[in-house]
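Source file: structure16.pdb (PDB, C-alpha atoms)
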ATOM      1  CA  MET A  27       0.000   0.000   0.000
ATOM      2  CA  SER A  28       1.401   3.382  -0.993
ATOM      3  CA  ASP A  29       1.322   6.486   1.181
ATOM      4  CA  LEU A  30       2.550   8.481  -1.803
ATOM      5  CA  SER A  31       0.684  10.666  -4.259
ATOM      6  CA  ALA A  32       1.474  12.904  -7.197
ATOM      7  CA  ARG A  33       2.284  15.667  -4.667
ATOM      8  CA  ASP A  34       5.408  13.684  -3.726
ATOM      9  CA  ILE A  35       6.927  13.892  -7.215
ATOM     10  CA  GLY A  36      10.413  15.351  -6.958
ATOM     11  CA  HIS A  37      10.978  14.052  -3.426
ATOM     12  CA  ARG A  38      13.093  11.139  -2.243
ATOM     13  CA  VAL A  39      11.112   7.981  -1.485
ATOM     14  CA  VAL A  40      11.459   4.332  -0.563
ATOM     15  CA  VAL A  41       9.118   1.823  -2.222
ATOM     16  CA  ARG A  42       8.780  -1.815  -1.153
ATOM     17  CA  HIS A  43       7.147  -3.934  -3.835
ATOM     18  CA  ARG A  44       6.664  -7.505  -4.954
ATOM     19  CA  LEU A  45       8.640  -8.935  -7.857
ATOM     20  CA  PRO A  46       7.049 -11.354 -10.365
ATOM     21  CA  GLY A  47       8.398 -14.314  -8.386
ATOM     22  CA  GLY A  48       6.652 -13.132  -5.233
ATOM     23  CA  GLN A  49       9.704 -11.932  -3.308
ATOM     24  CA  SER A  50       9.851  -8.356  -2.018
ATOM     25  CA  THR A  51      12.472  -5.726  -2.745
ATOM     26  CA  ASP A  52      13.033  -2.031  -2.030
ATOM     27  CA  VAL A  53      13.858   0.776  -4.437
ATOM     28  CA  ILE A  54      15.119   4.110  -3.140
ATOM     29  CA  GLY A  55      15.335   7.253  -5.201
ATOM     30  CA  VAL A  56      13.422  10.315  -6.330
ATOM     31  CA  LEU A  57       9.765   9.917  -7.292
ATOM     32  CA  GLN A  58       9.507  11.013 -10.916
ATOM     33  CA  GLY A  59       6.052   9.801 -11.920
ATOM     34  CA  TYR A  60       2.762   8.753 -10.353
ATOM     35  CA  ASP A  61      -0.099   8.032 -12.714
ATOM     36  CA  ALA A  62      -2.064   5.335 -14.552
ATOM     37  CA  GLY A  63      -1.415   2.747 -11.862
ATOM     38  CA  TRP A  64       2.378   3.141 -11.859
ATOM     39  CA  LEU A  65       5.134   4.685  -9.746
ATOM     40  CA  VAL A  66       8.354   5.789 -11.426
ATOM     41  CA  VAL A  67      11.403   6.126  -9.173
ATOM     42  CA  ARG A  68      14.664   7.600 -10.420
ATOM     43  CA  HIS A  69      17.759   6.007  -8.889
ATOM     44  CA  SER A  70      21.000   7.882  -8.214
ATOM     45  CA  ASP A  71      22.567   6.312 -11.334
ATOM     46  CA  SER A  72      19.741   7.818 -13.458
ATOM     47  CA  THR A  73      17.984   4.441 -13.909
ATOM     48  CA  LEU A  74      14.182   4.637 -13.912
ATOM     49  CA  HIS A  75      12.281   1.950 -11.982
ATOM     50  CA  ARG A  76       8.606   1.509 -12.942
ATOM     51  CA  VAL A  77       6.536  -0.173 -10.233
ATOM     52  CA  ARG A  78       2.870  -1.118 -10.519
ATOM     53  CA  LEU A  79       0.829   0.346  -7.675
ATOM     54  CA  GLN A  80      -0.857  -3.011  -7.130
ATOM     55  CA  ASP A  81       2.575  -4.518  -6.395
ATOM     56  CA  VAL A  82       3.482  -1.912  -3.760
ATOM     57  CA  SER A  83       3.331  -3.154  -0.180
ATOM     58  CA  ALA A  84       4.725   0.014   1.430
ATOM     59  CA  ALA A  85       5.960   3.383   0.185
ATOM     60  CA  LYS A  86       6.770   6.672   1.860
ATOM     61  CA  ARG A  87       8.700   9.891   1.487
ATOM     62  CA  ILE A  88      12.133   9.969   3.162
ATOM     63  CA  PRO A  89      14.549  12.834   3.869
ATOM     64  CA  PRO A  90      16.799  14.047   1.032
ATOM     65  CA  MET A  91      20.193  12.411   0.840
ATOM     66  CA  PRO A  92      22.620  14.709   2.658
ATOM     67  CA  LEU A  93      25.694  15.874   0.805
ATOM     68  CA  ARG A  94      28.670  13.917   2.043
ATOM     69  CA  PRO A  95      31.668  15.987   3.116
ATOM     70  CA  VAL A  96      33.903  16.596   0.138
ATOM     71  CA  ASP A  97      37.640  15.881   0.079
ATOM     72  CA  VAL A  98      38.702  19.365  -0.968
ATOM     73  CA  GLU A  99      42.244  18.399  -1.931
ATOM     74  CA  GLN A 100      40.991  15.564  -4.114
ATOM     75  CA  LEU A 101      38.352  17.768  -5.746
ATOM     76  CA  PHE A 102      40.971  20.479  -6.351
ATOM     77  CA  LEU A 103      42.911  18.002  -8.491
ATOM     78  CA  THR A 104      39.792  16.511 -10.078
ATOM     79  CA  THR A 105      38.798  19.884 -11.531
ATOM     80  CA  ALA A 106      42.139  20.074 -13.353
ATOM     81  CA  LEU A 107      41.714  16.612 -14.862
ATOM     82  CA  GLY A 108      38.205  17.378 -16.063
ATOM     83  CA  ARG A 109      39.401  20.156 -18.339
ATOM     84  CA  PRO A 110      43.083  19.483 -19.108
ATOM     85  CA  ALA A 111      45.355  22.127 -20.572
ATOM     86  CA  VAL A 112      47.044  21.792 -23.951
ATOM     87  CA  GLU A 113      50.500  21.690 -22.353
ATOM     88  CA  THR A 114      51.340  20.446 -18.878
ATOM     89  CA  SER A 115      54.476  20.041 -16.804
ATOM     90  CA  TYR A 116      55.261  19.297 -13.173
ATOM     91  CA  VAL A 117      57.345  20.724 -10.373
ATOM     92  CA  GLY A 118      57.229  17.813  -7.978
ATOM     93  CA  GLN A 119      53.465  17.308  -7.609
ATOM     94  CA  TRP A 120      52.609  20.872  -8.596
ATOM     95  CA  LEU A 121      50.930  21.117 -11.988
ATOM     96  CA  LEU A 122      51.923  23.712 -14.589
ATOM     97  CA  ARG A 123      49.376  24.373 -17.349
ATOM     98  CA  ALA A 124      49.558  26.406 -20.546
ATOM     99  CA  SER A 125      47.071  26.825 -23.410
ATOM    100  CA  ASP A 126      48.111  29.884 -25.414
ATOM    101  CA  GLY A 127      46.703  32.183 -22.748
ATOM    102  CA  TRP A 128      43.038  31.153 -23.095
ATOM    103  CA  THR A 129      41.315  30.904 -19.673
ATOM    104  CA  GLY A 130      42.964  31.230 -16.314
ATOM    105  CA  ARG A 131      42.396  27.578 -15.425
ATOM    106  CA  ALA A 132      44.272  26.371 -18.503
ATOM    107  CA  ASN A 133      47.192  28.768 -18.003
ATOM    108  CA  SER A 134      48.011  28.630 -14.315
ATOM    109  CA  LEU A 135      49.967  26.763 -11.704
ATOM    110  CA  LEU A 136      47.943  24.374  -9.563
ATOM    111  CA  PRO A 137      49.909  24.216  -6.267
ATOM    112  CA  ALA A 138      48.499  20.933  -4.984
ATOM    113  CA  GLY A 139      50.609  18.368  -3.185
ATOM    114  CA  ASP A 140      54.343  18.526  -2.533
ATOM    115  CA  PRO A 141      56.607  20.517  -4.891
ATOM    116  CA  GLU A 142      59.475  18.338  -3.579
ATOM    117  CA  MET A 143      61.704  21.387  -3.138
ATOM    118  CA  PRO A 144      61.513  24.682  -1.270
ATOM    119  CA  VAL A 145      58.437  26.614  -2.351
ATOM    120  CA  SER A 146      60.544  29.617  -3.360
ATOM    121  CA  GLU A 147      62.538  27.443  -5.776
ATOM    122  CA  ALA A 148      59.387  25.819  -7.171
ATOM    123  CA  LEU A 149      57.915  29.263  -7.856
ATOM    124  CA  LYS A 150      61.051  30.297  -9.756
ATOM    125  CA  LEU A 151      60.605  27.291 -12.038
ATOM    126  CA  ALA A 152      56.942  28.125 -12.487
ATOM    127  CA  GLU A 153      57.773  31.726 -13.347
ATOM    128  CA  ALA A 154      60.287  30.577 -15.958
ATOM    129  CA  PHE A 155      57.727  28.178 -17.458
ATOM    130  CA  TYR A 156      55.219  30.966 -18.053
ATOM    131  CA  THR A 157      57.734  33.624 -19.029
ATOM    132  CA  ASP A 158      59.175  31.325 -21.700
ATOM    133  CA  ARG A 159      55.689  31.084 -23.208
ATOM    134  CA  GLY A 160      54.969  34.790 -23.069
ATOM    135  CA  LEU A 161      52.369  34.343 -20.316
ATOM    136  CA  GLN A 162      51.853  36.115 -17.027
ATOM    137  CA  PRO A 163      52.750  33.747 -14.162
ATOM    138  CA  LEU A 164      49.508  32.758 -12.456
ATOM    139  CA  ALA A 165      48.695  30.393  -9.617
ATOM    140  CA  LEU A 166      45.178  29.125  -8.933
ATOM    141  CA  VAL A 167      44.947  28.887  -5.144
ATOM    142  CA  ARG A 168      42.215  27.818  -2.773
ATOM    143  CA  LEU A 169      41.430  30.657  -0.397
ATOM    144  CA  GLU A 170      42.865  30.162   3.080
ATOM    145  CA  SER A 171      44.860  27.119   1.964
ATOM    146  CA  PRO A 172      48.482  26.630   3.088
ATOM    147  CA  ALA A 173      49.632  27.189  -0.509
ATOM    148  CA  ALA A 174      47.811  30.524  -0.687
ATOM    149  CA  GLN A 175      49.451  31.629   2.548
ATOM    150  CA  GLU A 176      52.916  30.528   1.426
ATOM    151  CA  LEU A 177      52.663  32.272  -1.938
ATOM    152  CA  GLY A 178      51.417  35.424  -0.231
ATOM    153  CA  GLN A 179      54.381  35.404   2.119
ATOM    154  CA  LEU A 180      56.683  35.174  -0.914
ATOM    155  CA  GLY A 181      55.187  38.244  -2.566
ATOM    156  CA  TRP A 182      52.512  36.767  -4.823
ATOM    157  CA  VAL A 183      49.429  39.013  -4.921
ATOM    158  CA  ASP A 184      45.882  38.979  -6.268
ATOM    159  CA  ALA A 185      46.107  38.927 -10.069
ATOM    160  CA  ARG A 186      42.494  40.028 -10.594
ATOM    161  CA  PRO A 187      41.474  42.249  -7.667
ATOM    162  CA  GLU A 188      38.528  43.640  -9.639
ATOM    163  CA  GLN A 189      36.924  40.195 -10.002
ATOM    164  CA  ALA A 190      34.823  38.273  -7.483
ATOM    165  CA  ASP A 191      35.899  34.966  -5.995
ATOM    166  CA  VAL A 192      35.143  31.757  -7.872
ATOM    167  CA  GLN A 193      33.130  29.117  -6.050
ATOM    168  CA  VAL A 194      33.598  25.437  -6.743
ATOM    169  CA  MET A 195      30.255  23.838  -5.924
ATOM    170  CA  HIS A 196      29.326  20.186  -5.561
ATOM    171  CA  THR A 197      26.267  17.976  -5.229
ATOM    172  CA  THR A 198      25.093  14.400  -5.630
ATOM    173  CA  LEU A 199      23.639  13.312  -8.982
ATOM    174  CA  GLU A 200      20.418  12.221  -7.327
ATOM    175  CA  LEU A 201      19.563  15.895  -6.835
ATOM    176  CA  VAL A 202      20.295  16.824 -10.456
ATOM    177  CA  ASN A 203      19.416  13.940 -12.767
ATOM    178  CA  ALA A 204      15.692  14.609 -13.234
ATOM    179  CA  SER A 205      14.204  14.411 -16.724
ATOM    180  CA  PRO A 206      14.634  17.800 -18.421
ATOM    181  CA  ASP A 207      11.672  19.853 -19.571
ATOM    182  CA  TYR A 208      13.380  20.263 -22.961
ATOM    183  CA  GLU A 209      14.848  17.827 -25.444
ATOM    184  CA  VAL A 210      18.599  17.906 -24.857
ATOM    185  CA  THR A 211      21.040  16.417 -27.351
ATOM    186  CA  VAL A 212      24.291  14.971 -25.999
ATOM    187  CA  SER A 213      27.257  14.219 -28.252
ATOM    188  CA  ASP A 214      30.816  13.099 -27.630
ATOM    189  CA  LYS A 215      32.097  15.779 -30.014
ATOM    190  CA  PRO A 216      30.822  19.359 -30.430
ATOM    191  CA  ASP A 217      29.847  20.639 -33.844
ATOM    192  CA  ALA A 218      30.031  24.153 -35.280
ATOM    193  CA  ALA A 219      26.576  25.034 -33.938
ATOM    194  CA  TRP A 220      27.668  24.082 -30.407
ATOM    195  CA  TYR A 221      30.718  26.345 -30.596
ATOM    196  CA  GLU A 222      28.677  29.178 -32.085
ATOM    197  CA  ALA A 223      26.294  29.024 -29.129
ATOM    198  CA  ALA A 224      29.076  28.613 -26.554
ATOM    199  CA  PHE A 225      30.980  31.772 -27.548
ATOM    200  CA  GLU A 226      30.203  35.350 -28.352
ATOM    201  CA  GLY A 227      31.982  35.645 -31.665
ATOM    202  CA  ALA A 228      34.559  33.237 -33.011
ATOM    203  CA  PRO A 229      36.061  30.872 -30.410
ATOM    204  CA  PRO A 230      39.804  31.151 -29.748
ATOM    205  CA  ALA A 231      41.876  28.874 -31.958
ATOM    206  CA  VAL A 232      42.993  26.842 -28.950
ATOM    207  CA  ALA A 233      39.453  26.338 -27.586
ATOM    208  CA  PRO A 234      38.752  22.975 -29.279
ATOM    209  CA  ALA A 235      41.982  21.505 -27.903
ATOM    210  CA  VAL A 236      41.012  22.546 -24.374
ATOM    211  CA  MET A 237      37.304  21.722 -24.562
ATOM    212  CA  GLU A 238      37.774  18.353 -26.252
ATOM    213  CA  GLY A 239      40.926  17.274 -24.425
ATOM    214  CA  ALA A 240      39.350  15.268 -21.598
ATOM    215  CA  PRO A 241      39.348  11.459 -22.013
ATOM    216  CA  LYS A 242      35.596  11.247 -21.386
ATOM    217  CA  ALA A 243      33.539  14.322 -22.261
ATOM    218  CA  ALA A 244      30.029  15.137 -23.474
ATOM    219  CA  PHE A 245      28.588  18.211 -25.152
ATOM    220  CA  ALA A 246      24.943  19.037 -24.517
ATOM    221  CA  SER A 247      22.729  21.376 -26.503
ATOM    222  CA  VAL A 248      19.113  22.497 -26.807
ATOM    223  CA  GLU A 249      17.696  23.626 -30.142
ATOM    224  CA  LEU A 250      14.687  25.935 -30.302
ATOM    225  CA  ASP A 251      13.256  27.866 -33.219
ATOM    226  CA  GLY A 252      15.662  26.188 -35.598
ATOM    227  CA  ARG A 253      18.929  27.012 -33.829
ATOM    228  CA  VAL A 254      21.034  25.969 -30.833
ATOM    229  CA  VAL A 255      20.215  28.306 -27.938
ATOM    230  CA  ALA A 256      21.752  26.539 -24.912
ATOM    231  CA  VAL A 257      24.892  24.454 -24.457
ATOM    232  CA  GLY A 258      27.043  22.901 -21.775
ATOM    233  CA  ARG A 259      29.980  20.544 -21.394
ATOM    234  CA  GLY A 260      30.408  17.578 -19.055
ATOM    235  CA  SER A 261      33.469  15.495 -18.248
ATOM    236  CA  MET A 262      33.973  12.375 -16.173
ATOM    237  CA  THR A 263      36.856  11.948 -13.714
ATOM    238  CA  GLY A 264      36.344   8.865 -11.580
ATOM    239  CA  HIS A 265      32.825   9.166 -10.140
ATOM    240  CA  TRP A 266      32.811  12.950 -10.562
ATOM    241  CA  LEU A 267      30.897  14.801 -13.275
ATOM    242  CA  GLY A 268      32.396  18.202 -14.007
ATOM    243  CA  VAL A 269      30.096  20.708 -15.704
ATOM    244  CA  ASP A 270      31.312  23.832 -17.460
ATOM    245  CA  ALA A 271      30.757  26.025 -20.527
ATOM    246  CA  VAL A 272      27.060  26.387 -19.707
ATOM    247  CA  ARG A 273      25.696  29.232 -21.803
ATOM    248  CA  VAL A 274      22.163  30.229 -22.799
ATOM    249  CA  ASP A 275      21.384  32.683 -25.570
ATOM    250  CA  PRO A 276      20.301  35.976 -23.917
ATOM    251  CA  GLU A 277      16.954  35.864 -25.726
ATOM    252  CA  TYR A 278      16.136  32.480 -24.142
ATOM    253  CA  ARG A 279      17.232  32.980 -20.547
ATOM    254  CA  ARG A 280      15.002  32.457 -17.500
ATOM    255  CA  ARG A 281      13.249  29.514 -19.172
ATOM    256  CA  GLY A 282      15.026  26.677 -17.340
ATOM    257  CA  LEU A 283      17.380  25.843 -20.204
ATOM    258  CA  ALA A 284      20.526  25.822 -18.052
ATOM    259  CA  THR A 285      18.761  23.471 -15.642
ATOM    260  CA  ALA A 286      17.851  21.165 -18.527
ATOM    261  CA  ILE A 287      21.488  21.086 -19.698
ATOM    262  CA  LEU A 288      22.723  20.124 -16.235
ATOM    263  CA  GLN A 289      20.029  17.491 -15.805
ATOM    264  CA  GLU A 290      20.825  15.745 -19.075
ATOM    265  CA  LEU A 291      24.575  15.808 -18.405
ATOM    266  CA  ALA A 292      23.875  14.272 -14.998
ATOM    267  CA  ARG A 293      21.824  11.512 -16.650
ATOM    268  CA  TRP A 294      24.675  10.880 -19.107
ATOM    269  CA  SER A 295      27.144  10.672 -16.231
ATOM    270  CA  GLY A 296      25.007   8.380 -14.092
ATOM    271  CA  GLN A 297      25.018   5.724 -16.791
ATOM    272  CA  LEU A 298      28.834   5.821 -16.727
ATOM    273  CA  GLY A 299      29.182   5.415 -12.977
ATOM    274  CA  GLY A 300      28.906   9.075 -12.015
ATOM    275  CA  ARG A 301      27.762   9.762  -8.467
ATOM    276  CA  ARG A 302      28.729  13.360  -7.719
ATOM    277  CA  SER A 303      29.008  16.591  -9.674
ATOM    278  CA  TYR A 304      31.007  19.813  -9.441
ATOM    279  CA  LEU A 305      31.020  23.098 -11.302
ATOM    280  CA  GLU A 306      32.615  26.528 -10.982
ATOM    281  CA  VAL A 307      30.849  29.882 -10.875
ATOM    282  CA  VAL A 308      31.917  33.471 -10.213
ATOM    283  CA  GLU A 309      30.150  34.601  -7.062
ATOM    284  CA  ASP A 310      28.717  37.782  -8.561
ATOM    285  CA  ASN A 311      26.919  35.769 -11.274
ATOM    286  CA  LYS A 312      23.697  35.761  -9.265
ATOM    287  CA  PRO A 313      21.418  34.045 -11.849
ATOM    288  CA  ALA A 314      23.837  31.131 -12.205
ATOM    289  CA  MET A 315      24.338  30.900  -8.443
ATOM    290  CA  THR A 316      20.564  30.720  -7.982
ATOM    291  CA  THR A 317      20.174  28.007 -10.632
ATOM    292  CA  TYR A 318      22.915  25.852  -9.156
ATOM    293  CA  THR A 319      21.783  26.312  -5.554
ATOM    294  CA  ASN A 320      18.231  25.331  -6.507
ATOM    295  CA  LEU A 321      19.638  22.126  -8.014
ATOM    296  CA  GLY A 322      21.285  21.229  -4.706
ATOM    297  CA  TYR A 323      24.815  22.440  -5.353
ATOM    298  CA  ALA A 324      26.718  23.708  -2.306
ATOM    299  CA  MET A 325      30.091  25.372  -1.946
ATOM    300  CA  ALA A 326      33.164  23.162  -1.610
ATOM    301  CA  TYR A 327      35.765  25.956  -1.688
ATOM    302  CA  ARG A 328      36.630  29.318  -3.234
ATOM    303  CA  TYR A 329      39.648  30.197  -5.320
ATOM    304  CA  ARG A 330      41.474  33.170  -6.807
ATOM    305  CA  TYR A 331      44.484  33.727  -9.035
ATOM    306  CA  LEU A 332      47.761  35.042  -7.642
ATOM    307  CA  THR A 333      50.707  36.427  -9.588
ATOM    308  CA  ASN A 334      54.180  37.777  -8.922
ATOM    309  CA  GLN A 335      53.812  40.253 -11.785
ATOM    310  CA  PRO A 336      50.753  42.406 -11.033
ATOM    311  CA  THR A 337      49.468  44.513 -13.877
ATOM    312  CA  SER A 338      49.127  48.253 -13.329
TER
END
This entry written out as structure tokens:
Amino acid sequence: MSDLSARDIGHRVVVRHRLPGGQSTDVIGVLQGYDAGWLVVRHSDSTLHRVRLQDVSAAKRIPPMPLRPVDVEQLFLTTALGRPAVETSYVGQWLLRASDGWTGRANSLLPAGDPEMPVSEALKLAEAFYTDRGLQPLALVRLESPAAQELGQLGWVDARPEQADVQVMHTTLELVNASPDYEVTVSDKPDAAWYEAAFEGAPPAVAPAVMEGAPKAAFASVELDGRVVAVGRGSMTGHWLGVDAVRVDPEYRRRGLATAILQELARWSGQLGGRRSYLEVVEDNKPAMTTYTNLGYAMAYRYRYLTNQPTS
């Protein structure tokens, strides 16, 4: 007997039901459908379980799955693997990245782990790496981390004082992988229409190498009125889904298109073993922050860029 109704759609539930052989089993997930004599429960791996109401022996709403504490150090490295730079090198365990100057993430030092030498010496090698490539030395540092404090003590300063902090947010796929309200196409390789929607104007020449460089990536898009109006990129690193490059045409914003992109990427990831998701957002981007918070994303950490060569 079910204590559920259509009002419980979107909430986490547990349903005990009889299998064809007569034995009982439980399914736990988010209630996605309740009509025509059937329950539909969406599991954390995006699988849909259809259960006949007449087979239900017990069903009730349960509390949402709490977000497990995140290993910040591990996530810090995971974000780099989800969108690898064109050129990489190491100073001990510190990662140097260069991609012809396009995006801070792809052209900055990631001071994670042990540089296996004094920090001052490691920074000299990093400076030489970027100077040789005609790039401003940058380091992407987690706020209040030991690395941020050490670099500050050695004279590295905020490279972009006019910009807000970047939040890295995380959630579990069970909160995101609902069926989208729009038809979302997912491909393993972006086409010209995807790039046209992802950028204002022509994309930088190095963009395809950066965007398509991950071992396992997906490119989502929504087409309305005969053209692509919303896009996003997903990448898999272990059980983590990284989401980036989410952009909606200004004429089509506030219609839930960004939500649909994230939901379909989460469904893609769940079928590949994805369990958790992260994304990055500048804190003063209030519409994006609202969208992501409503989908269950919460802050893991903040970061900024430091440099030893501040611009005037």
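The spacing separating atom CA of Arg33 of chain A from atom CA of Leu201 of chain A amounts to 17.4 Å.
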**OP:** Pick out the residues sitting within 9 Å of Trp182 of chain A, and hand them over as number ranges by chain; count only C-alpha atoms, and ignore anything fewer than 3 positions along from it in its own chain.
**Re:** A: 165, 174, 176-179, 185, 332-336
**OP:** Quick one: apply the PyMOL selection byres ((chain A and resi 70) around 10) to the file and drop the selected residues here as a PyMOL selection string.
**Re:** chain A and resi 54-56+67-69+71-74+198-204+292-293+296-297+299-302
Report, as JSON, the centre and edge lengths in Å (one decimal) of the axis-aligned box enclosing every listed atom of segment 269-286 of chain A, padded by 6 Å on each side.
{"center_x": 22.3, "center_y": 28.3, "center_z": -20.7, "size_x": 30.1, "size_y": 27.3, "size_z": 22.1}
Given the file shown, enumerate the residues that the PyMOL selection byres ((chain A and resi 108-125) around 9) captures and present them as an mmCIF file with C-alpha atoms, in the coordinates of the input.
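Done, and the output landed in selection29.cif:
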data_model
loop_
_atom_site.group_PDB
_atom_site.id
_atom_site.type_symbol
_atom_site.label_atom_id
_atom_site.label_comp_id
_atom_site.auth_asym_id
_atom_site.auth_seq_id
_atom_site.Cartn_x
_atom_site.Cartn_y
_atom_site.Cartn_z
ATOM 1 C CA LEU A 103 42.911 18.002 -8.491
ATOM 2 C CA THR A 104 39.792 16.511 -10.078
ATOM 3 C CA THR A 105 38.798 19.884 -11.531
ATOM 4 C CA ALA A 106 42.139 20.074 -13.353
ATOM 5 C CA LEU A 107 41.714 16.612 -14.862
ATOM 6 C CA ASP A 126 48.111 29.884 -25.414
ATOM 7 C CA GLY A 127 46.703 32.183 -22.748
ATOM 8 C CA TRP A 128 43.038 31.153 -23.095
ATOM 9 C CA THR A 129 41.315 30.904 -19.673
ATOM 10 C CA ARG A 131 42.396 27.578 -15.425
ATOM 11 C CA ALA A 132 44.272 26.371 -18.503
ATOM 12 C CA ASN A 133 47.192 28.768 -18.003
ATOM 13 C CA SER A 134 48.011 28.630 -14.315
ATOM 14 C CA LEU A 135 49.967 26.763 -11.704
ATOM 15 C CA LEU A 136 47.943 24.374 -9.563
ATOM 16 C CA PRO A 137 49.909 24.216 -6.267
ATOM 17 C CA ALA A 138 48.499 20.933 -4.984
ATOM 18 C CA GLY A 139 50.609 18.368 -3.185
ATOM 19 C CA ASP A 140 54.343 18.526 -2.533
ATOM 20 C CA PRO A 141 56.607 20.517 -4.891
ATOM 21 C CA GLU A 142 59.475 18.338 -3.579
ATOM 22 C CA MET A 143 61.704 21.387 -3.138
ATOM 23 C CA ALA A 148 59.387 25.819 -7.171
ATOM 24 C CA LEU A 149 57.915 29.263 -7.856
ATOM 25 C CA LEU A 151 60.605 27.291 -12.038
ATOM 26 C CA ALA A 152 56.942 28.125 -12.487
ATOM 27 C CA PHE A 155 57.727 28.178 -17.458
ATOM 28 C CA TYR A 156 55.219 30.966 -18.053
ATOM 29 C CA ARG A 159 55.689 31.084 -23.208
ATOM 30 C CA LEU A 161 52.369 34.343 -20.316
ATOM 31 C CA ALA A 165 48.695 30.393 -9.617
ATOM 32 C CA VAL A 232 42.993 26.842 -28.950
ATOM 33 C CA ALA A 233 39.453 26.338 -27.586
ATOM 34 C CA ALA A 235 41.982 21.505 -27.903
ATOM 35 C CA VAL A 236 41.012 22.546 -24.374
ATOM 36 C CA MET A 237 37.304 21.722 -24.562
ATOM 37 C CA GLU A 238 37.774 18.353 -26.252
ATOM 38 C CA GLY A 239 40.926 17.274 -24.425
ATOM 39 C CA ALA A 240 39.350 15.268 -21.598
ATOM 40 C CA PRO A 241 39.348 11.459 -22.013
ATOM 41 C CA LYS A 242 35.596 11.247 -21.386
ATOM 42 C CA ALA A 243 33.539 14.322 -22.261
ATOM 43 C CA GLY A 260 30.408 17.578 -19.055
ATOM 44 C CA SER A 261 33.469 15.495 -18.248
ATOM 45 C CA MET A 262 33.973 12.375 -16.173
ATOM 46 C CA THR A 263 36.856 11.948 -13.714
ATOM 47 C CA TRP A 266 32.811 12.950 -10.562
ATOM 48 C CA LEU A 267 30.897 14.801 -13.275
ATOM 49 C CA GLY A 268 32.396 18.202 -14.007
ATOM 50 C CA VAL A 269 30.096 20.708 -15.704
ATOM 51 C CA ASP A 270 31.312 23.832 -17.460
#
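On the file presented, the PyMOL selection byres ((chain A and resi 214) around 9) picks out Val212, Ser213, Lys215, Pro216, Glu238, Lys242, Ala243, Ala244, Phe245 and Ala246 of chain A.
Take atom CA of Val308 of chain A and atom CA of Val192 of chain A: the distance between them is 4.3 Å.
Atom CA of Leu65 of chain A lies 25.7 Å from atom CA of Leu93 of chain A.
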**OP:** For Asp207 of chain A, list every protein, DNA or RNA residue within 12 Å, evaluated using all atoms listed in the file, and leave out those in the same chain fewer than 3 positions away; present the list as a PyMOL selection string.
**Re:** chain A and resi 203-204+210+248+281-290
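Distance check against Glu309 of chain A using all atoms listed in the file: of A:Val41, A:Ala190, A:Val257, A:Ala154, the minimum falls on A:Ala190.
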**OP:** Could you check which of A:Leu291, A:Met315, A:Ile35, A:Leu250 is closest to Gln58 of chain A, using only C-alpha atoms?
**Re:** A:Ile35
**OP:** Kindly indicate which residue among A:Gly48, A:Glu209, A:Glu277, A:Gln193 lies nearest to Ala324 of chain A, using all atoms listed in the file for the distances.
**Re:** A:Gln193
List every protein, DNA or RNA residue that has an atom no more than 10 Å from (1.9, 11.3, -10.2) in the file's coordinate frame, counting all atoms listed in the file, and report them as a short mmCIF file (atom, residue, chain, number, x, y, z; two decimals) with C-alpha atoms, in the frame of the given file.
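Wrote it out as part-v8.cif, contents follow:
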data_model
loop_
_atom_site.label_atom_id
_atom_site.label_comp_id
_atom_site.auth_asym_id
_atom_site.auth_seq_id
_atom_site.Cartn_x
_atom_site.Cartn_y
_atom_site.Cartn_z
CA LEU A 30 2.55 8.48 -1.80
CA SER A 31 0.68 10.67 -4.26
CA ALA A 32 1.47 12.90 -7.20
CA ARG A 33 2.28 15.67 -4.67
CA ASP A 34 5.41 13.68 -3.73
CA ILE A 35 6.93 13.89 -7.22
CA GLY A 36 10.41 15.35 -6.96
CA LEU A 57 9.76 9.92 -7.29
CA GLN A 58 9.51 11.01 -10.92
CA GLY A 59 6.05 9.80 -11.92
CA TYR A 60 2.76 8.75 -10.35
CA ASP A 61 -0.10 8.03 -12.71
CA ALA A 62 -2.06 5.34 -14.55
CA GLY A 63 -1.42 2.75 -11.86
CA TRP A 64 2.38 3.14 -11.86
CA LEU A 65 5.13 4.68 -9.75
CA VAL A 66 8.35 5.79 -11.43
#
Original post:
Which is closest to Ser171 of chain A among A:Pro230, A:Asp97, A:Tyr327, A:His43, if we use only C-alpha atoms?
Top reply: A:Tyr327
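For the residues A:Trp220, A:Tyr304, A:Tyr278, A:Phe102, ranking by smallest atom-to-atom distance to Met195 of chain A using all atoms listed in the file places A:Tyr304 first.
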